[in-house]
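Below: structure.txt (compact mmCIF, C-alpha atoms)
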```
# COMPACT_ATOMS: atom_id res chain seq x y z
CA MET A 1181 -2.96 0.99 -23.47
CA THR A 1182 -5.06 1.59 -26.58
CA PRO A 1183 -3.88 3.77 -29.49
CA GLU A 1184 -6.69 6.20 -28.69
CA GLU A 1185 -5.46 6.56 -25.15
CA MET A 1186 -1.92 7.03 -26.42
CA ASP A 1187 -3.14 9.71 -28.85
CA ARG A 1188 -5.07 11.42 -26.10
CA VAL A 1189 -2.10 11.50 -23.73
CA LEU A 1190 0.31 12.75 -26.38
CA ALA A 1191 -2.12 15.33 -27.73
CA ARG A 1192 -2.71 16.74 -24.26
CA ASP A 1193 1.00 16.88 -23.47
CA ALA A 1194 2.03 20.47 -22.67
CA GLN A 1195 -1.59 21.57 -22.75
CA GLY A 1196 -1.89 24.57 -20.49
CA VAL A 1197 1.80 25.37 -20.72
CA ARG A 1198 2.11 29.11 -21.23
CA ALA A 1199 5.01 31.51 -21.29
CA SER A 1200 5.57 33.17 -17.94
CA PRO A 1201 4.54 36.85 -17.63
CA ARG A 1202 8.15 38.08 -17.79
CA PHE A 1203 9.08 35.91 -20.75
CA ALA A 1204 8.33 38.48 -23.47
CA ALA A 1205 10.33 41.16 -21.64
CA GLY A 1206 13.28 38.78 -21.31
CA VAL A 1207 13.13 37.94 -25.01
CA MET A 1208 12.96 41.60 -26.02
CA ALA A 1209 15.96 42.41 -23.80
CA ALA A 1210 17.90 39.65 -25.54
CA VAL A 1211 16.71 40.87 -28.93
CA ARG A 1212 17.79 44.45 -28.16
CA ARG A 1213 21.21 43.17 -27.10
CA GLU A 1214 21.37 41.23 -30.35
CA ALA A 1215 20.39 44.31 -32.35
CA LYS A 1216 23.25 46.30 -30.81
CA VAL A 1217 25.84 43.75 -31.86
CA PRO A 1218 27.44 45.02 -35.08
CA PRO A 1219 26.91 42.73 -38.06
CA PRO A 1220 29.77 40.35 -38.74
CA ILE A 1221 32.46 41.74 -41.03
CA PRO A 1222 32.10 40.06 -44.39
CA PHE A 1223 35.10 38.23 -45.73
CA PRO A 1224 37.01 40.56 -48.11
CA TRP A 1225 36.65 38.41 -51.19
CA THR A 1226 37.71 41.16 -53.60
CA ARG A 1227 40.97 41.75 -51.73
CA ALA A 1228 41.62 38.09 -51.17
CA ALA A 1229 40.81 37.03 -54.72
CA PRO A 1230 44.32 37.62 -56.18
CA GLY A 1231 45.94 35.71 -53.32
CA ILE A 1232 43.48 32.84 -53.62
CA ALA A 1233 44.00 32.75 -57.40
CA ALA A 1234 47.77 32.69 -56.93
CA ALA A 1235 47.52 29.89 -54.39
CA LEU A 1236 45.29 27.88 -56.71
CA LEU A 1237 47.72 28.46 -59.57
CA LEU A 1238 50.59 27.20 -57.41
CA VAL A 1239 48.61 24.08 -56.50
CA VAL A 1240 47.80 23.47 -60.17
CA LEU A 1241 51.47 23.94 -61.14
CA ALA A 1242 52.61 21.61 -58.36
CA VAL A 1243 50.13 18.94 -59.44
CA ALA A 1244 51.15 19.42 -63.06
CA SER A 1245 54.83 19.06 -62.21
CA ILE A 1246 54.14 15.86 -60.28
CA VAL A 1247 52.09 14.44 -63.13
CA THR A 1248 54.75 15.28 -65.72
CA THR A 1249 57.69 13.92 -63.65
CA PRO A 1250 60.04 12.04 -66.05
CA SER A 1251 60.56 8.30 -65.71
CA ALA A 1252 63.56 6.78 -63.86
CA ASP A 1253 65.68 6.21 -66.98
CA THR A 1254 65.77 9.89 -67.94
CA PRO A 1255 67.89 12.25 -65.82
CA PRO A 1256 65.76 14.30 -63.41
CA HIS A 1257 65.34 17.90 -64.42
CA VAL A 1258 65.34 20.20 -61.41
CA PRO A 1259 63.99 23.70 -62.03
CA VAL A 1260 66.61 26.43 -61.55
CA PRO A 1261 65.00 28.11 -58.47
CA LEU A 1262 64.72 24.74 -56.74
CA GLU A 1263 68.34 24.00 -57.60
CA ARG A 1264 69.39 27.31 -55.99
CA ALA A 1265 67.29 26.63 -52.91
CA ALA A 1266 68.88 23.22 -52.47
CA GLU A 1267 72.34 24.80 -52.83
CA ILE A 1268 71.58 27.42 -50.16
CA THR A 1269 70.15 24.81 -47.79
CA THR A 1270 73.27 22.68 -48.19
CA LYS A 1271 75.53 25.66 -47.46
CA ILE A 1272 73.57 26.55 -44.32
CA GLY A 1273 73.74 22.94 -43.17
CA ASP A 1274 77.50 22.84 -43.74
CA SER A 1275 78.10 26.06 -41.81
CA VAL A 1276 75.92 24.89 -38.87
CA ALA A 1277 77.85 21.60 -38.79
CA SER A 1278 81.13 23.49 -38.51
CA TRP A 1279 80.01 25.55 -35.50
CA ASP A 1280 82.15 25.43 -32.37
CA ALA A 1281 81.27 26.28 -28.77
CA ARG A 1282 81.83 30.01 -29.28
CA ASP A 1283 79.46 30.21 -32.24
CA LEU A 1284 76.85 28.25 -30.34
CA THR A 1285 77.08 30.56 -27.30
CA ILE A 1286 76.68 33.64 -29.50
CA TRP A 1287 73.68 32.04 -31.18
CA VAL A 1288 72.01 31.24 -27.81
CA VAL A 1289 72.61 34.80 -26.52
CA VAL A 1290 71.20 36.37 -29.68
CA VAL A 1291 68.09 34.18 -29.59
CA ALA A 1292 67.57 34.90 -25.87
CA LEU A 1293 67.90 38.66 -26.37
CA SER A 1294 65.54 38.66 -29.32
CA ALA A 1295 62.94 36.86 -27.19
CA VAL A 1296 62.98 39.59 -24.50
CA PRO A 1297 60.51 41.94 -26.25
CA LEU A 1298 58.10 39.01 -26.63
CA VAL A 1299 58.38 37.61 -23.11
CA ALA A 1300 58.59 40.90 -21.16
CA PRO A 1301 54.95 42.03 -21.70
CA LEU A 1302 53.67 38.57 -20.69
CA TRP A 1303 55.82 38.65 -17.57
CA LEU A 1304 54.56 42.14 -16.69
CA VAL A 1305 50.93 41.09 -17.11
CA SER A 1306 51.48 38.02 -14.96
CA ALA A 1307 53.26 40.08 -12.26
CA GLU A 1308 50.39 42.61 -12.29
CA ARG A 1309 47.84 39.81 -11.86
CA ASP A 1310 49.75 38.28 -8.92
CA ARG A 1311 49.95 41.62 -7.14
CA MET B 1191 -3.27 39.68 -34.99
CA THR B 1192 -4.56 36.61 -36.82
CA VAL B 1193 -2.64 33.41 -37.27
CA ASP B 1194 -0.25 34.51 -40.02
CA ASP B 1195 -0.51 38.24 -40.33
CA GLY B 1196 2.74 38.98 -38.59
CA VAL B 1197 3.95 40.29 -41.95
CA ALA B 1198 3.48 43.95 -41.04
CA ALA B 1199 5.51 43.52 -37.86
CA VAL B 1200 8.17 41.62 -39.77
CA ASP B 1201 8.40 44.44 -42.32
CA ARG B 1202 8.79 47.00 -39.56
CA VAL B 1203 11.52 44.98 -37.87
CA LEU B 1204 13.32 44.65 -41.21
CA ARG B 1205 13.15 48.43 -41.60
CA GLY B 1206 14.99 48.75 -38.29
CA ASP B 1207 12.14 49.00 -35.78
CA VAL B 1208 13.39 46.52 -33.18
CA ALA B 1209 10.44 47.24 -30.85
CA ALA B 1210 8.06 45.82 -33.48
CA PHE B 1211 9.51 42.40 -32.75
CA ALA B 1212 7.60 42.52 -29.43
CA GLU B 1213 4.37 41.96 -31.42
CA ILE B 1214 5.82 38.78 -32.89
CA VAL B 1215 6.95 37.62 -29.45
CA GLU B 1216 3.54 38.36 -27.92
CA ARG B 1217 1.77 36.44 -30.65
CA TRP B 1218 3.98 33.36 -30.73
CA GLN B 1219 5.40 33.02 -27.21
CA ASP B 1220 2.86 30.49 -25.92
CA PRO B 1221 3.06 28.10 -28.90
CA LEU B 1222 6.85 28.27 -28.96
CA VAL B 1223 7.17 27.65 -25.22
CA ALA B 1224 4.64 24.81 -25.43
CA LEU B 1225 6.53 23.19 -28.31
CA ALA B 1226 9.81 23.51 -26.42
CA TYR B 1227 8.14 21.97 -23.36
CA ARG B 1228 7.03 19.00 -25.44
CA PHE B 1229 10.66 18.42 -26.33
CA CYS B 1230 12.22 18.85 -22.88
CA HIS B 1231 9.47 18.68 -20.20
CA ASP B 1232 11.13 21.37 -18.15
CA ARG B 1233 9.38 24.73 -17.95
CA SER B 1234 12.47 26.79 -17.25
CA ARG B 1235 14.47 25.11 -19.96
CA ALA B 1236 11.54 25.41 -22.38
CA GLU B 1237 11.56 29.19 -21.91
CA ASP B 1238 15.31 29.32 -22.46
CA MET B 1239 14.91 27.31 -25.65
CA ALA B 1240 12.01 29.47 -26.85
CA GLN B 1241 14.01 32.63 -26.12
CA GLU B 1242 16.88 31.27 -28.17
CA ALA B 1243 14.44 30.50 -30.99
CA PHE B 1244 13.11 34.08 -30.93
CA VAL B 1245 16.60 35.55 -30.97
CA ARG B 1246 17.56 33.32 -33.90
CA ALA B 1247 14.34 34.33 -35.66
CA PHE B 1248 15.20 38.00 -35.14
CA ARG B 1249 18.66 37.42 -36.59
CA ALA B 1250 17.36 35.43 -39.56
CA LEU B 1251 14.19 37.41 -40.25
CA HIS B 1252 15.50 38.61 -43.61
CA GLN B 1253 15.79 34.97 -44.69
CA TRP B 1254 12.03 34.40 -44.53
CA ARG B 1255 11.11 34.01 -48.20
CA ARG B 1256 7.36 34.60 -47.78
CA GLU B 1257 6.59 31.56 -49.92
CA ALA B 1258 5.45 29.81 -46.77
CA ALA B 1259 3.44 31.32 -43.92
CA PHE B 1260 5.44 33.13 -41.25
CA SER B 1261 4.27 30.60 -38.66
CA THR B 1262 5.59 27.72 -40.80
CA TRP B 1263 8.98 29.40 -41.06
CA LEU B 1264 9.04 30.24 -37.34
CA PHE B 1265 8.09 26.72 -36.24
CA ALA B 1266 10.68 25.18 -38.57
CA LEU B 1267 13.35 27.47 -37.13
CA ALA B 1268 12.26 26.78 -33.55
CA THR B 1269 12.18 23.04 -34.21
CA ASN B 1270 15.78 23.19 -35.44
CA VAL B 1271 16.83 25.14 -32.34
CA TYR B 1272 15.07 22.70 -30.01
CA ARG B 1273 16.45 19.60 -31.70
CA ALA B 1274 19.96 21.03 -31.60
CA ASP B 1275 19.50 21.82 -27.91
CA LEU B 1276 18.36 18.26 -27.21
CA ARG B 1277 21.36 16.90 -29.06
CA ARG B 1278 23.66 19.06 -26.92
CA ARG B 1279 22.01 18.25 -23.60
CA ARG B 1280 20.18 15.09 -22.72
CA ALA B 1281 16.53 15.59 -21.86
CA PRO B 1282 15.88 15.22 -18.12
CA LEU B 1283 13.93 12.25 -16.88
CA VAL B 1284 10.24 13.01 -16.73
CA SER B 1285 8.85 12.87 -13.23
CA ILE B 1286 5.17 12.39 -12.53
CA ASP B 1287 5.01 15.73 -10.71
CA GLU B 1288 6.56 17.49 -13.64
CA VAL B 1289 4.19 16.15 -16.26
CA ALA B 1290 1.05 17.04 -14.37
CA ASP B 1291 -0.13 20.36 -15.76
CA PRO B 1292 -1.77 22.41 -13.02
CA ALA B 1293 -3.93 24.30 -15.52
CA ASP B 1294 -5.42 21.06 -16.77
CA ALA B 1295 -8.63 20.05 -15.00
CA PHE B 1296 -8.23 16.52 -16.32
CA ASP B 1297 -4.88 16.19 -14.57
CA VAL B 1298 -6.16 17.55 -11.29
CA ALA B 1299 -8.92 14.96 -11.26
CA ALA B 1300 -6.75 12.13 -12.52
CA ASP B 1301 -5.91 9.30 -10.20
CA HIS B 1302 -2.41 8.06 -9.47
CA GLU B 1303 -2.59 5.17 -11.92
CA ASP B 1304 -3.56 7.48 -14.77
CA SER B 1305 -0.63 9.77 -13.94
CA ASP B 1306 1.66 6.77 -14.03
CA ARG B 1307 0.39 5.84 -17.46
CA ARG B 1308 0.84 9.33 -18.84
CA ALA B 1309 4.32 9.55 -17.38
CA ALA B 1310 5.12 6.17 -18.93
CA VAL B 1311 3.93 7.37 -22.35
CA ARG B 1312 6.10 10.48 -22.13
CA ARG B 1313 9.11 8.51 -20.97
CA ALA B 1314 8.63 6.01 -23.78
CA LEU B 1315 8.30 8.84 -26.29
CA HIS B 1316 11.55 10.45 -25.17
CA ALA B 1317 13.33 7.11 -25.22
CA LEU B 1318 12.59 6.78 -28.95
CA PRO B 1319 15.30 7.47 -31.53
CA ALA B 1320 15.30 11.20 -32.34
CA ARG B 1321 13.85 10.82 -35.85
CA TYR B 1322 10.72 9.12 -34.48
CA ARG B 1323 10.48 11.24 -31.34
CA ASP B 1324 10.65 14.51 -33.29
CA VAL B 1325 7.96 13.44 -35.75
CA LEU B 1326 5.64 12.32 -32.95
CA VAL B 1327 6.21 15.50 -30.93
CA LEU B 1328 5.42 17.72 -33.92
CA PHE B 1329 2.52 15.59 -35.12
CA TYR B 1330 0.73 15.93 -31.80
CA PHE B 1331 1.77 19.56 -31.35
CA HIS B 1332 0.20 20.42 -34.72
CA GLU B 1333 -3.01 18.63 -33.71
CA MET B 1334 -2.21 15.54 -35.79
CA ASP B 1335 -1.63 17.51 -38.99
CA VAL B 1336 0.99 15.57 -40.95
CA GLU B 1337 1.66 18.36 -43.46
CA ARG B 1338 2.38 20.95 -40.80
CA ALA B 1339 4.61 18.49 -38.95
CA ALA B 1340 6.48 17.87 -42.22
CA ALA B 1341 6.87 21.62 -42.81
CA SER B 1342 8.25 22.13 -39.31
CA LEU B 1343 10.76 19.34 -39.79
CA GLY B 1344 11.61 20.30 -43.36
CA VAL B 1345 11.07 16.75 -44.65
CA PRO B 1346 8.57 15.33 -47.17
CA VAL B 1347 5.11 14.33 -46.00
CA GLY B 1348 5.79 10.72 -47.00
CA THR B 1349 8.82 10.62 -44.69
CA VAL B 1350 6.74 11.93 -41.81
CA LYS B 1351 4.02 9.35 -42.45
CA ALA B 1352 6.56 6.52 -42.53
CA ARG B 1353 8.34 7.69 -39.37
CA LEU B 1354 5.04 8.31 -37.65
CA SER B 1355 3.84 4.82 -38.38
CA ARG B 1356 7.11 3.23 -37.27
CA GLY B 1357 7.43 5.51 -34.23
CA ARG B 1358 3.93 4.75 -33.03
CA GLU B 1359 4.55 1.05 -33.47
CA ILE B 1360 7.75 1.19 -31.39
CA LEU B 1361 6.01 3.34 -28.80
CA ARG B 1362 3.08 0.98 -28.56
CA ARG B 1363 5.42 -2.01 -28.13
CA LYS B 1364 7.31 -0.23 -25.37
CA LEU B 1365 4.07 0.65 -23.62
CA VAL B 1366 2.70 -2.87 -23.89
CA ALA B 1367 5.91 -4.08 -22.26
CA THR B 1368 5.65 -1.43 -19.53
CA LEU B 1369 1.95 -1.15 -18.86
CA GLY B 1370 0.50 -4.43 -20.02
CA THR B 1371 -1.10 -5.96 -23.09
CA SER B 1372 -3.16 -4.17 -25.69
CA ASP B 1373 -5.99 -5.92 -27.47
CA VAL B 1374 -5.66 -3.66 -30.50
CA PRO B 1375 -3.92 -5.21 -33.51
CA LEU B 1376 -0.65 -3.67 -34.58
CA GLU B 1377 -1.87 -2.94 -38.11
CA GLU B 1378 -4.61 -0.74 -36.74
CA ILE B 1379 -2.17 1.23 -34.61
CA SER B 1380 0.40 1.77 -37.31
CA ARG B 1381 -2.13 3.10 -39.80
```

Before we go any further, please render this structure as structure tokens.
Amino acid sequence: MTPEEMDRVLARDAQGVRASPRFAAGVMAAVRREAKVPPPIPFPWTRAAPGIAAALLLVVLAVASIVTTPSADTPPHVPVPLERAAEITTKIGDSVASWDARDLTIWVVVVALSAVPLVAPLWLVSAERDR
Amino acid sequence: MTVDDGVAAVDRVLRGDVAAFAEIVERWQDPLVALAYRFCHDRSRAEDMAQEAFVRAFRALHQWRREAAFSTWLFALATNVYRADLRRRRAPLVSIDEVADPADAFDVAADHEDSDRRAAVRRALHALPARYRDVLVLFYFHEMDVERAAASLGVPVGTVKARLSRGREILRRKLVATLGTSDVPLEEISR
């Protein structure tokens, strides 16, 4: 096959292909549907800005605290809030470890009862669908 | 409506007159369907792709900067839609029946061997890597105008020329392997 023949074949490809008579109507129906769709709600940057700034600040502080961590020969300095958090976590851990069967049963019952309002609507929907 | 004077209709659509978009559809439906057909060789799918391109154009009409002609912007948008569609779904194999255009007197008169050759060219074209296939499709769609093909693809003219040369060379090699030898030197083909 010569290049001229190749050019001729490729140039004539789709020659005579036209949109069908109903094509424009179909497109306009789709366009009208599209026009009815409300524009997407823009992200509320002004409202979110303080939160984003605070998050960024926290990240910066965390990075800074990692960078300025003292070497192994100096005693580690734990910030007061972190010290308190560690204390509370230890206390919770100790109390959980000292649980007996009665405490555990009460805990299971409380968790099960608190799950009822969450599970009940799902169960009702499922029962309605099966009906 | 002349080639690029869809501006008035665009302005009306942007002012909220959705019905004015029908003028744009009427003007550009055949070229957009034909371009889609060149990419997929399936009439029904070509119309679906062209419809999607029109809907995207309607949605993005306010993004047309008016530095380029409306047609340039529309073809670039449609090309992106079609290429994305091809990436999502593989193009169907091209059958000889499918590629014969009933409106084309040449095709009606063509013999079986000629149909085979044309089908082979189309198959070879669609077997090319996408970057060569797309350039070739747009080059021939825009009547061998490299600059318009480059504008539709959103790449520099030099890139189109390089891909065109390489794509035609690969295509020619594939066709020589399929259809037989060519007595034309490679340098002449890849000009």

- Specify as a PyMOL selection string all residues of chain A found within 6 Å of chain B, counting all atoms listed in the file. chain A and resi 1181+1183+1191+1194+1196-1199+1207+1211

- Hey, can you check how far atom CA of B:Gly1196 sits from atom CA of B:Ser1261? 8.5 Å

- Query: Hey, can you check how far atom CA of B:Arg1256 sits from atom CA of B:Thr1269?
  - Reply: 18.5 Å

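Taking atom CA of B:Asp1324 and atom CA of A:Asp1187 as the two end points, the separation is 15.3 Å.
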
- Among the residues A:Ala1281, A:Ala1204, A:Val1239, A:Ala1215, the one that comes closest to B:Val1203 [using all atoms listed in the file]: A:Ala1215
